[in-house]
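Shown next: final_11.pdb, given as PDB, C-alpha atoms and all ligand atoms.
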ATOM      1  CA  MET A   1      -4.500 -42.414  -6.452  1.00  0.00           C
ATOM      2  CA  ALA A   2      -3.612 -43.903  -3.056  1.00  0.00           C
ATOM      3  CA  LYS A   3      -3.985 -47.658  -2.552  1.00  0.00           C
ATOM      4  CA  THR A   4      -7.388 -48.560  -1.181  1.00  0.00           C
ATOM      5  CA  TYR A   5      -8.220 -51.759   0.660  1.00  0.00           C
ATOM      6  CA  SER A   6     -11.184 -53.936  -0.118  1.00  0.00           C
ATOM      7  CA  ILE A   7     -12.889 -56.750   1.737  1.00  0.00           C
ATOM      8  CA  ALA A   8     -15.368 -58.814  -0.290  1.00  0.00           C
ATOM      9  CA  ILE A   9     -18.078 -60.705   1.551  1.00  0.00           C
ATOM     10  CA  ASP A  10     -20.206 -63.024  -0.561  1.00  0.00           C
ATOM     11  CA  GLY A  11     -22.798 -65.536   0.482  1.00  0.00           C
ATOM     12  CA  PRO A  12     -26.441 -66.550   0.357  1.00  0.00           C
ATOM     13  CA  ALA A  13     -29.397 -64.556   1.692  1.00  0.00           C
ATOM     14  CA  GLY A  14     -29.603 -64.381   5.468  1.00  0.00           C
ATOM     15  CA  ALA A  15     -26.051 -65.532   6.249  1.00  0.00           C
ATOM     16  CA  GLY A  16     -25.499 -62.303   8.189  1.00  0.00           C
ATOM     17  CA  LYS A  17     -23.481 -60.447   5.550  1.00  0.00           C
ATOM     18  CA  SER A  18     -24.915 -56.983   6.113  1.00  0.00           C
ATOM     19  CA  THR A  19     -24.898 -57.162   9.925  1.00  0.00           C
ATOM     20  CA  ILE A  20     -21.282 -58.305   9.964  1.00  0.00           C
ATOM     21  CA  ALA A  21     -20.133 -55.981   7.185  1.00  0.00           C
ATOM     22  CA  LYS A  22     -21.721 -52.956   8.868  1.00  0.00           C
ATOM     23  CA  ARG A  23     -19.972 -53.757  12.161  1.00  0.00           C
ATOM     24  CA  LEU A  24     -16.622 -54.293  10.478  1.00  0.00           C
ATOM     25  CA  ALA A  25     -16.958 -51.145   8.390  1.00  0.00           C
ATOM     26  CA  LYS A  26     -17.583 -49.108  11.530  1.00  0.00           C
ATOM     27  CA  GLU A  27     -14.673 -50.668  13.398  1.00  0.00           C
ATOM     28  CA  LEU A  28     -12.240 -50.280  10.512  1.00  0.00           C
ATOM     29  CA  GLY A  29     -13.501 -46.923   9.239  1.00  0.00           C
ATOM     30  CA  TYR A  30     -14.333 -48.392   5.809  1.00  0.00           C
ATOM     31  CA  TYR A  31     -17.281 -47.679   3.529  1.00  0.00           C
ATOM     32  CA  TYR A  32     -19.885 -50.414   3.627  1.00  0.00           C
ATOM     33  CA  VAL A  33     -21.321 -51.158   0.188  1.00  0.00           C
ATOM     34  CA  ASP A  34     -24.455 -53.290   0.184  1.00  0.00           C
ATOM     35  CA  THR A  35     -24.683 -54.367  -3.466  1.00  0.00           C
ATOM     36  CA  GLY A  36     -27.927 -56.273  -2.914  1.00  0.00           C
ATOM     37  CA  ALA A  37     -29.561 -52.886  -2.301  1.00  0.00           C
ATOM     38  CA  ILE A  38     -28.520 -51.807  -5.800  1.00  0.00           C
ATOM     39  CA  TYR A  39     -30.267 -54.802  -7.407  1.00  0.00           C
ATOM     40  CA  ARG A  40     -33.245 -54.208  -5.155  1.00  0.00           C
ATOM     41  CA  THR A  41     -33.456 -50.616  -6.445  1.00  0.00           C
ATOM     42  CA  VAL A  42     -33.596 -51.882 -10.039  1.00  0.00           C
ATOM     43  CA  ALA A  43     -36.278 -54.408  -9.087  1.00  0.00           C
ATOM     44  CA  TYR A  44     -38.283 -51.723  -7.297  1.00  0.00           C
ATOM     45  CA  PHE A  45     -38.094 -49.370 -10.269  1.00  0.00           C
ATOM     46  CA  LEU A  46     -39.294 -52.050 -12.696  1.00  0.00           C
ATOM     47  CA  ASP A  47     -42.048 -53.038 -10.297  1.00  0.00           C
ATOM     48  CA  LEU A  48     -43.316 -49.448 -10.192  1.00  0.00           C
ATOM     49  CA  TRP A  49     -43.638 -49.591 -13.969  1.00  0.00           C
ATOM     50  CA  GLY A  50     -45.365 -52.958 -13.815  1.00  0.00           C
ATOM     51  CA  VAL A  51     -42.515 -54.718 -15.628  1.00  0.00           C
ATOM     52  CA  SER A  52     -42.100 -58.385 -14.728  1.00  0.00           C
ATOM     53  CA  PRO A  53     -38.493 -59.164 -13.690  1.00  0.00           C
ATOM     54  CA  LYS A  54     -38.573 -62.060 -16.160  1.00  0.00           C
ATOM     55  CA  ASP A  55     -39.655 -59.931 -19.119  1.00  0.00           C
ATOM     56  CA  ILE A  56     -36.217 -59.384 -20.639  1.00  0.00           C
ATOM     57  CA  ASP A  57     -37.407 -57.122 -23.498  1.00  0.00           C
ATOM     58  CA  ASN A  58     -39.113 -54.667 -21.190  1.00  0.00           C
ATOM     59  CA  VAL A  59     -36.361 -54.916 -18.558  1.00  0.00           C
ATOM     60  CA  ASN A  60     -33.910 -53.878 -21.286  1.00  0.00           C
ATOM     61  CA  ARG A  61     -36.143 -51.044 -22.443  1.00  0.00           C
ATOM     62  CA  TYR A  62     -37.048 -49.624 -19.041  1.00  0.00           C
ATOM     63  CA  ILE A  63     -33.659 -49.661 -17.352  1.00  0.00           C
ATOM     64  CA  ASP A  64     -32.473 -47.014 -19.812  1.00  0.00           C
ATOM     65  CA  GLU A  65     -34.789 -44.675 -17.912  1.00  0.00           C
ATOM     66  CA  LEU A  66     -33.240 -45.508 -14.548  1.00  0.00           C
ATOM     67  CA  THR A  67     -30.411 -43.762 -12.757  1.00  0.00           C
ATOM     68  CA  VAL A  68     -29.184 -45.450  -9.594  1.00  0.00           C
ATOM     69  CA  GLY A  69     -27.181 -43.494  -7.044  1.00  0.00           C
ATOM     70  CA  ILE A  70     -25.534 -44.449  -3.759  1.00  0.00           C
ATOM     71  CA  GLU A  71     -25.239 -41.843  -1.020  1.00  0.00           C
ATOM     72  CA  TYR A  72     -23.979 -42.068   2.547  1.00  0.00           C
ATOM     73  CA  ASP A  73     -25.473 -40.213   5.487  1.00  0.00           C
ATOM     74  CA  GLU A  74     -23.534 -38.790   8.452  1.00  0.00           C
ATOM     75  CA  ASP A  75     -23.779 -42.168  10.250  1.00  0.00           C
ATOM     76  CA  GLY A  76     -22.167 -43.895   7.282  1.00  0.00           C
ATOM     77  CA  LEU A  77     -25.424 -45.599   6.307  1.00  0.00           C
ATOM     78  CA  GLN A  78     -25.982 -46.301   2.638  1.00  0.00           C
ATOM     79  CA  HIS A  79     -28.975 -44.729   0.919  1.00  0.00           C
ATOM     80  CA  MET A  80     -30.287 -45.848  -2.448  1.00  0.00           C
ATOM     81  CA  ILE A  81     -31.336 -43.111  -4.818  1.00  0.00           C
ATOM     82  CA  MET A  82     -33.646 -44.008  -7.705  1.00  0.00           C
ATOM     83  CA  ASN A  83     -33.945 -41.214 -10.288  1.00  0.00           C
ATOM     84  CA  GLY A  84     -33.266 -38.690  -7.518  1.00  0.00           C
ATOM     85  CA  MET A  85     -35.620 -40.294  -4.972  1.00  0.00           C
ATOM     86  CA  ASP A  86     -34.461 -41.975  -1.758  1.00  0.00           C
ATOM     87  CA  VAL A  87     -35.972 -45.498  -1.839  1.00  0.00           C
ATOM     88  CA  THR A  88     -33.842 -47.033   0.930  1.00  0.00           C
ATOM     89  CA  GLY A  89     -36.889 -48.004   3.005  1.00  0.00           C
ATOM     90  CA  GLU A  90     -39.070 -49.171   0.114  1.00  0.00           C
ATOM     91  CA  ILE A  91     -36.724 -51.863  -1.220  1.00  0.00           C
ATOM     92  CA  ARG A  92     -36.725 -54.037   1.949  1.00  0.00           C
ATOM     93  CA  THR A  93     -39.708 -56.292   1.314  1.00  0.00           C
ATOM     94  CA  GLN A  94     -39.914 -60.036   0.659  1.00  0.00           C
ATOM     95  CA  ASP A  95     -41.518 -59.300  -2.695  1.00  0.00           C
ATOM     96  CA  ILE A  96     -38.626 -57.077  -3.793  1.00  0.00           C
ATOM     97  CA  SER A  97     -36.109 -59.682  -2.494  1.00  0.00           C
ATOM     98  CA  GLN A  98     -37.523 -62.246  -4.911  1.00  0.00           C
ATOM     99  CA  LYS A  99     -37.797 -59.778  -7.781  1.00  0.00           C
ATOM    100  CA  ALA A 100     -34.220 -58.562  -7.223  1.00  0.00           C
ATOM    101  CA  SER A 101     -33.012 -62.154  -7.411  1.00  0.00           C
ATOM    102  CA  LEU A 102     -34.806 -62.635 -10.763  1.00  0.00           C
ATOM    103  CA  VAL A 103     -33.840 -59.293 -12.270  1.00  0.00           C
ATOM    104  CA  SER A 104     -30.181 -59.714 -11.284  1.00  0.00           C
ATOM    105  CA  ALA A 105     -29.905 -62.696 -13.637  1.00  0.00           C
ATOM    106  CA  HIS A 106     -30.078 -60.445 -16.726  1.00  0.00           C
ATOM    107  CA  PRO A 107     -26.700 -59.505 -18.232  1.00  0.00           C
ATOM    108  CA  CYS A 108     -27.913 -55.969 -19.128  1.00  0.00           C
ATOM    109  CA  VAL A 109     -28.698 -55.285 -15.476  1.00  0.00           C
ATOM    110  CA  ARG A 110     -25.391 -56.637 -14.175  1.00  0.00           C
ATOM    111  CA  GLU A 111     -23.382 -54.722 -16.794  1.00  0.00           C
ATOM    112  CA  MET A 112     -25.114 -51.482 -15.982  1.00  0.00           C
ATOM    113  CA  LEU A 113     -24.176 -51.783 -12.286  1.00  0.00           C
ATOM    114  CA  LEU A 114     -20.637 -53.104 -12.529  1.00  0.00           C
ATOM    115  CA  ASP A 115     -18.708 -49.857 -12.903  1.00  0.00           C
ATOM    116  CA  MET A 116     -20.569 -48.032 -10.153  1.00  0.00           C
ATOM    117  CA  GLN A 117     -19.572 -50.780  -7.706  1.00  0.00           C
ATOM    118  CA  ARG A 118     -15.947 -50.766  -8.863  1.00  0.00           C
ATOM    119  CA  ASP A 119     -15.767 -46.958  -8.721  1.00  0.00           C
ATOM    120  CA  VAL A 120     -16.642 -46.892  -5.013  1.00  0.00           C
ATOM    121  CA  ALA A 121     -13.869 -49.405  -4.309  1.00  0.00           C
ATOM    122  CA  LYS A 122     -11.374 -47.354  -6.328  1.00  0.00           C
ATOM    123  CA  ALA A 123     -12.091 -44.245  -4.303  1.00  0.00           C
ATOM    124  CA  HIS A 124     -12.466 -45.680  -0.771  1.00  0.00           C
ATOM    125  CA  ASN A 125     -11.539 -48.531   1.524  1.00  0.00           C
ATOM    126  CA  VAL A 126     -14.594 -50.759   1.264  1.00  0.00           C
ATOM    127  CA  ILE A 127     -16.327 -53.746   2.701  1.00  0.00           C
ATOM    128  CA  MET A 128     -18.614 -54.826  -0.094  1.00  0.00           C
ATOM    129  CA  ASP A 129     -21.166 -57.586   0.257  1.00  0.00           C
ATOM    130  CA  GLY A 130     -23.151 -59.440  -2.362  1.00  0.00           C
ATOM    131  CA  ARG A 131     -23.009 -62.593  -4.463  1.00  0.00           C
ATOM    132  CA  ASP A 132     -20.239 -61.951  -7.012  1.00  0.00           C
ATOM    133  CA  ILE A 133     -17.925 -59.474  -5.306  1.00  0.00           C
ATOM    134  CA  GLY A 134     -14.913 -61.760  -4.909  1.00  0.00           C
ATOM    135  CA  THR A 135     -15.489 -63.487  -8.249  1.00  0.00           C
ATOM    136  CA  VAL A 136     -16.496 -60.662 -10.638  1.00  0.00           C
ATOM    137  CA  VAL A 137     -16.766 -57.166  -9.166  1.00  0.00           C
ATOM    138  CA  LEU A 138     -13.490 -57.066  -7.210  1.00  0.00           C
ATOM    139  CA  PRO A 139     -11.503 -60.138  -8.268  1.00  0.00           C
ATOM    140  CA  LYS A 140      -8.404 -58.546  -6.726  1.00  0.00           C
ATOM    141  CA  ALA A 141     -10.013 -57.787  -3.355  1.00  0.00           C
ATOM    142  CA  ASP A 142      -7.425 -57.927  -0.545  1.00  0.00           C
ATOM    143  CA  VAL A 143      -9.629 -60.177   1.572  1.00  0.00           C
ATOM    144  CA  LYS A 144     -12.401 -62.493   0.382  1.00  0.00           C
ATOM    145  CA  ILE A 145     -14.886 -64.111   2.716  1.00  0.00           C
ATOM    146  CA  PHE A 146     -17.639 -66.561   1.829  1.00  0.00           C
ATOM    147  CA  LEU A 147     -20.198 -66.216   4.598  1.00  0.00           C
ATOM    148  CA  THR A 148     -22.749 -68.955   4.873  1.00  0.00           C
ATOM    149  CA  ALA A 149     -25.092 -70.782   7.258  1.00  0.00           C
ATOM    150  CA  ASP A 150     -27.601 -73.621   7.082  1.00  0.00           C
ATOM    151  CA  PRO A 151     -30.851 -72.595   5.339  1.00  0.00           C
ATOM    152  CA  GLU A 152     -32.876 -73.400   8.484  1.00  0.00           C
ATOM    153  CA  VAL A 153     -30.671 -71.128  10.596  1.00  0.00           C
ATOM    154  CA  ARG A 154     -30.931 -68.328   8.035  1.00  0.00           C
ATOM    155  CA  ALA A 155     -34.708 -68.685   7.857  1.00  0.00           C
ATOM    156  CA  LYS A 156     -34.967 -68.625  11.659  1.00  0.00           C
ATOM    157  CA  ARG A 157     -32.947 -65.392  11.789  1.00  0.00           C
ATOM    158  CA  ARG A 158     -35.245 -63.727   9.227  1.00  0.00           C
ATOM    159  CA  TYR A 159     -38.268 -65.020  11.117  1.00  0.00           C
ATOM    160  CA  ASP A 160     -36.998 -63.613  14.434  1.00  0.00           C
ATOM    161  CA  GLU A 161     -36.180 -60.269  12.777  1.00  0.00           C
ATOM    162  CA  LEU A 162     -39.721 -59.894  11.407  1.00  0.00           C
ATOM    163  CA  ILE A 163     -41.334 -60.927  14.692  1.00  0.00           C
ATOM    164  CA  ALA A 164     -39.125 -58.448  16.583  1.00  0.00           C
ATOM    165  CA  LYS A 165     -40.380 -55.708  14.228  1.00  0.00           C
ATOM    166  CA  GLY A 166     -43.949 -56.694  15.082  1.00  0.00           C
ATOM    167  CA  GLN A 167     -44.594 -58.066  11.592  1.00  0.00           C
ATOM    168  CA  LYS A 168     -46.344 -61.294  10.647  1.00  0.00           C
ATOM    169  CA  ALA A 169     -44.067 -64.157   9.668  1.00  0.00           C
ATOM    170  CA  ASN A 170     -44.350 -67.798   8.712  1.00  0.00           C
ATOM    171  CA  PHE A 171     -41.209 -69.874   9.172  1.00  0.00           C
ATOM    172  CA  GLU A 172     -42.011 -72.412   6.419  1.00  0.00           C
ATOM    173  CA  THR A 173     -42.722 -69.676   3.869  1.00  0.00           C
ATOM    174  CA  ILE A 174     -39.480 -67.871   4.715  1.00  0.00           C
ATOM    175  CA  LEU A 175     -37.497 -71.116   4.446  1.00  0.00           C
ATOM    176  CA  LYS A 176     -39.065 -71.875   1.067  1.00  0.00           C
ATOM    177  CA  GLU A 177     -38.254 -68.374  -0.234  1.00  0.00           C
ATOM    178  CA  ILE A 178     -34.672 -68.589   1.012  1.00  0.00           C
ATOM    179  CA  LYS A 179     -34.153 -71.927  -0.733  1.00  0.00           C
ATOM    180  CA  GLN A 180     -35.715 -70.592  -3.912  1.00  0.00           C
ATOM    181  CA  ARG A 181     -33.448 -67.532  -3.866  1.00  0.00           C
ATOM    182  CA  ASP A 182     -30.379 -69.725  -3.172  1.00  0.00           C
ATOM    183  CA  TYR A 183     -31.298 -71.797  -6.208  1.00  0.00           C
ATOM    184  CA  GLN A 184     -31.833 -68.784  -8.494  1.00  0.00           C
ATOM    185  CA  ASP A 185     -28.697 -66.976  -7.317  1.00  0.00           C
ATOM    186  CA  THR A 186     -26.432 -70.022  -7.702  1.00  0.00           C
ATOM    187  CA  HIS A 187     -27.845 -71.315 -10.987  1.00  0.00           C
ATOM    188  CA  ARG A 188     -27.959 -68.202 -13.167  1.00  0.00           C
ATOM    189  CA  GLU A 189     -25.573 -68.112 -16.106  1.00  0.00           C
ATOM    190  CA  ILE A 190     -23.891 -64.810 -15.399  1.00  0.00           C
ATOM    191  CA  ALA A 191     -21.976 -64.120 -12.161  1.00  0.00           C
ATOM    192  CA  PRO A 192     -23.687 -66.820 -10.096  1.00  0.00           C
ATOM    193  CA  LEU A 193     -23.131 -67.043  -6.359  1.00  0.00           C
ATOM    194  CA  LYS A 194     -20.104 -69.249  -5.805  1.00  0.00           C
ATOM    195  CA  MET A 195     -17.000 -69.281  -3.665  1.00  0.00           C
ATOM    196  CA  ALA A 196     -14.003 -67.555  -5.210  1.00  0.00           C
ATOM    197  CA  ARG A 197     -10.974 -69.861  -5.259  1.00  0.00           C
ATOM    198  CA  ASP A 198      -9.088 -67.563  -2.910  1.00  0.00           C
ATOM    199  CA  SER A 199     -11.903 -66.867  -0.468  1.00  0.00           C
ATOM    200  CA  VAL A 200     -12.185 -68.175   3.076  1.00  0.00           C
ATOM    201  CA  LYS A 201     -15.428 -69.850   4.106  1.00  0.00           C
ATOM    202  CA  VAL A 202     -16.986 -68.804   7.403  1.00  0.00           C
ATOM    203  CA  ASP A 203     -20.024 -70.810   8.504  1.00  0.00           C
ATOM    204  CA  THR A 204     -22.069 -68.703  10.917  1.00  0.00           C
ATOM    205  CA  SER A 205     -24.630 -71.425  11.808  1.00  0.00           C
ATOM    206  CA  ASN A 206     -23.273 -71.840  15.329  1.00  0.00           C
ATOM    207  CA  LEU A 207     -21.588 -68.480  15.851  1.00  0.00           C
ATOM    208  CA  ASP A 208     -22.872 -65.211  17.269  1.00  0.00           C
ATOM    209  CA  ILE A 209     -22.139 -61.807  15.723  1.00  0.00           C
ATOM    210  CA  ASP A 210     -19.120 -61.086  17.948  1.00  0.00           C
ATOM    211  CA  GLN A 211     -17.586 -64.443  17.087  1.00  0.00           C
ATOM    212  CA  VAL A 212     -18.032 -63.913  13.354  1.00  0.00           C
ATOM    213  CA  VAL A 213     -16.580 -60.398  13.512  1.00  0.00           C
ATOM    214  CA  ALA A 214     -13.576 -61.704  15.464  1.00  0.00           C
ATOM    215  CA  GLU A 215     -13.034 -64.538  13.003  1.00  0.00           C
ATOM    216  CA  ILE A 216     -13.153 -62.254   9.967  1.00  0.00           C
ATOM    217  CA  LYS A 217     -10.826 -59.746  11.612  1.00  0.00           C
ATOM    218  CA  ALA A 218      -8.360 -62.547  12.271  1.00  0.00           C
ATOM    219  CA  ILE A 219      -8.556 -63.637   8.605  1.00  0.00           C
ATOM    220  CA  ALA A 220      -8.308 -60.047   7.322  1.00  0.00           C
ATOM    221  CA  GLY A 221      -5.453 -59.217   9.681  1.00  0.00           C
ATOM    222  CA  LYS A 222      -3.184 -61.612   7.786  1.00  0.00           C
ATOM    223  CA  LYS A 223      -3.548 -59.488   4.624  1.00  0.00           C
ATOM    224  CA  ILE A 224      -4.326 -55.895   5.599  1.00  0.00           C
ATOM    225  CA  PRO A 225      -3.937 -53.585   8.612  1.00  0.00           C
ATOM    226  CA  VAL A 226      -6.966 -54.046  10.887  1.00  0.00           C
TER     227      VAL A 226
HETATM  228  O1  LIG B 301     -28.268 -59.305  -0.589  1.00  0.00           O
HETATM  229  P1  LIG B 301     -29.742 -59.098  -0.944  1.00  0.00           P
HETATM  230  O2  LIG B 301     -30.630 -60.113  -0.330  1.00  0.00           O
HETATM  231  O3  LIG B 301     -30.188 -57.697  -0.659  1.00  0.00           O
HETATM  232  O4  LIG B 301     -29.795 -59.283  -2.548  1.00  0.00           O
HETATM  233  C1  LIG B 301     -30.997 -59.274  -3.274  1.00  0.00           C
HETATM  234  C2  LIG B 301     -30.786 -60.033  -4.583  1.00  0.00           C
HETATM  235  O5  LIG B 301     -29.905 -59.284  -5.441  1.00  0.00           O
HETATM  236  C3  LIG B 301     -30.136 -61.408  -4.456  1.00  0.00           C
HETATM  237  O6  LIG B 301     -31.084 -62.435  -4.240  1.00  0.00           O
HETATM  238  C4  LIG B 301     -29.390 -61.582  -5.749  1.00  0.00           C
HETATM  239  C5  LIG B 301     -29.071 -60.165  -6.185  1.00  0.00           C
HETATM  240  N1  LIG B 301     -27.661 -59.809  -5.977  1.00  0.00           N
HETATM  241  C6  LIG B 301     -26.774 -60.158  -6.970  1.00  0.00           C
HETATM  242  O7  LIG B 301     -27.160 -60.802  -7.932  1.00  0.00           O
HETATM  243  N2  LIG B 301     -25.473 -59.795  -6.869  1.00  0.00           N
HETATM  244  C7  LIG B 301     -25.024 -59.129  -5.816  1.00  0.00           C
HETATM  245  N3  LIG B 301     -23.726 -58.772  -5.752  1.00  0.00           N
HETATM  246  C8  LIG B 301     -25.906 -58.791  -4.765  1.00  0.00           C
HETATM  247  C9  LIG B 301     -27.235 -59.146  -4.872  1.00  0.00           C
END

Here is the file; what I need is its structure written in the form of structure tokens.
Amino acid sequence: MAKTYSIAIDGPAGAGKSTIAKRLAKELGYYYVDTGAIYRTVAYFLDLWGVSPKDIDNVNRYIDELTVGIEYDEDGLQHMIMNGMDVTGEIRTQDISQKASLVSAHPCVREMLLDMQRDVAKAHNVIMDGRDIGTVVLPKADVKIFLTADPEVRAKRRYDELIAKGQKANFETILKEIKQRDYQDTHREIAPLKMARDSVKVDTSNLDIDQVVAEIKAIAGKKIPV
């Protein structure tokens, strides 16, 4: 099999990972793999069955009934398939964000999803974003970025996004949820969010999208053709 290139982008919620990764994937002709969407699909499935994300016994039991698939449409956008059903739109709620964070702490869930993530990277050039890509999923990724920003900046971005969509939003609530998710994602026992030793930190607090893309391309360009 031909050598494939991989760029791992890890970081907390709202740092801009998906916006940046999507742009880079388009520019470089890579597949964009949003691994958060995979955990969201698991959380959504369990929610449909009324299983609490903290109820380890039932999480274990019910996930045997779940098949998760990733498909790409003609625009290169990732679709999440839950037991044959496209749930891409359904998994993007604040409620599912929190539940995905809780459910992702269970070893059985992480183990079930590991190979599917690695298989995409074996077959294609990928930009993969998540929490443990550079540390666990693709420890040999060619380029590793840790994308972060101050919690207040991340909360403001989420707030602006919701307002732009015409939805109701409360800044303080969003900030509280972001901090709670940061805590859960960094303190779990298995594959917590942390910087890989060989990753480069990019703080996006005072940068716009073009600046972040340029900075990551400059970092990546030292390791791979960009
Ligand atoms: O990136 P996101 O907000 O869509 O991720 C939702 C949750 O999924 C996140 O709070 C923690 C979990 N997650 C994970 O544990 N590992 C990943 N590689 C990606 C997401």

Could you pull out the residues sitting within 8 Å of ligand LIG 301 (chain B), using only C-alpha atoms and all ligand atoms, and write them as a PyMOL selection string?
-> chain A and resi 10+12-14+17-18+34-40+92+96-105+110+129-133+137+181-182+184-185+191-193

Å distance separating atom CA of Glu189 of chain A from atom CA of Val109 of chain A, one decimal place |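 Interatomic distance, atom CA of Glu189 of chain A to atom CA of Val109 of chain A: 13.2 Å.
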
Test item: residues at most 10 Å from segment 114-123 of chain A, only C-alpha atoms, excluding those fewer than 4 positions along its chain, as number ranges by chain = A: 1-7, 31-35, 38, 68-70, 109-110, 127-128, 133, 136-138, 141

Apply the PyMOL selection byres (((chain A and resi 49) around 12) and not hetatm) to the file shown and report the selected residues as a list in words.
-> Val42, Ala43, Tyr44, Phe45, Leu46, Asp47, Leu48, Gly50, Val51, Ser52, Pro53, Asn58, Val59, Arg61, Tyr62, Ile63, Glu65 and Leu66 of chain A

Output file for the selection above: C-alpha atoms, as a tab-separated table (two decimals), in the coordinates of the input:
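Output (part27.tsv):
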chain	number	residue	atom	x	y	z
A	42	VAL	CA	-33.60	-51.88	-10.04
A	43	ALA	CA	-36.28	-54.41	-9.09
A	44	TYR	CA	-38.28	-51.72	-7.30
A	45	PHE	CA	-38.09	-49.37	-10.27
A	46	LEU	CA	-39.29	-52.05	-12.70
A	47	ASP	CA	-42.05	-53.04	-10.30
A	48	LEU	CA	-43.32	-49.45	-10.19
A	50	GLY	CA	-45.36	-52.96	-13.82
A	51	VAL	CA	-42.52	-54.72	-15.63
A	52	SER	CA	-42.10	-58.38	-14.73
A	53	PRO	CA	-38.49	-59.16	-13.69
A	58	ASN	CA	-39.11	-54.67	-21.19
A	59	VAL	CA	-36.36	-54.92	-18.56
A	61	ARG	CA	-36.14	-51.04	-22.44
A	62	TYR	CA	-37.05	-49.62	-19.04
A	63	ILE	CA	-33.66	-49.66	-17.35
A	65	GLU	CA	-34.79	-44.68	-17.91
A	66	LEU	CA	-33.24	-45.51	-14.55

Residues matched by the PyMOL selection byres (((chain A and resi 146-157) around 10) and not hetatm), written as a PyMOL selection string | chain A and resi 8-17+20+129-131+134+144-145+158-163+170-179+182+193-196+198-207+212+216
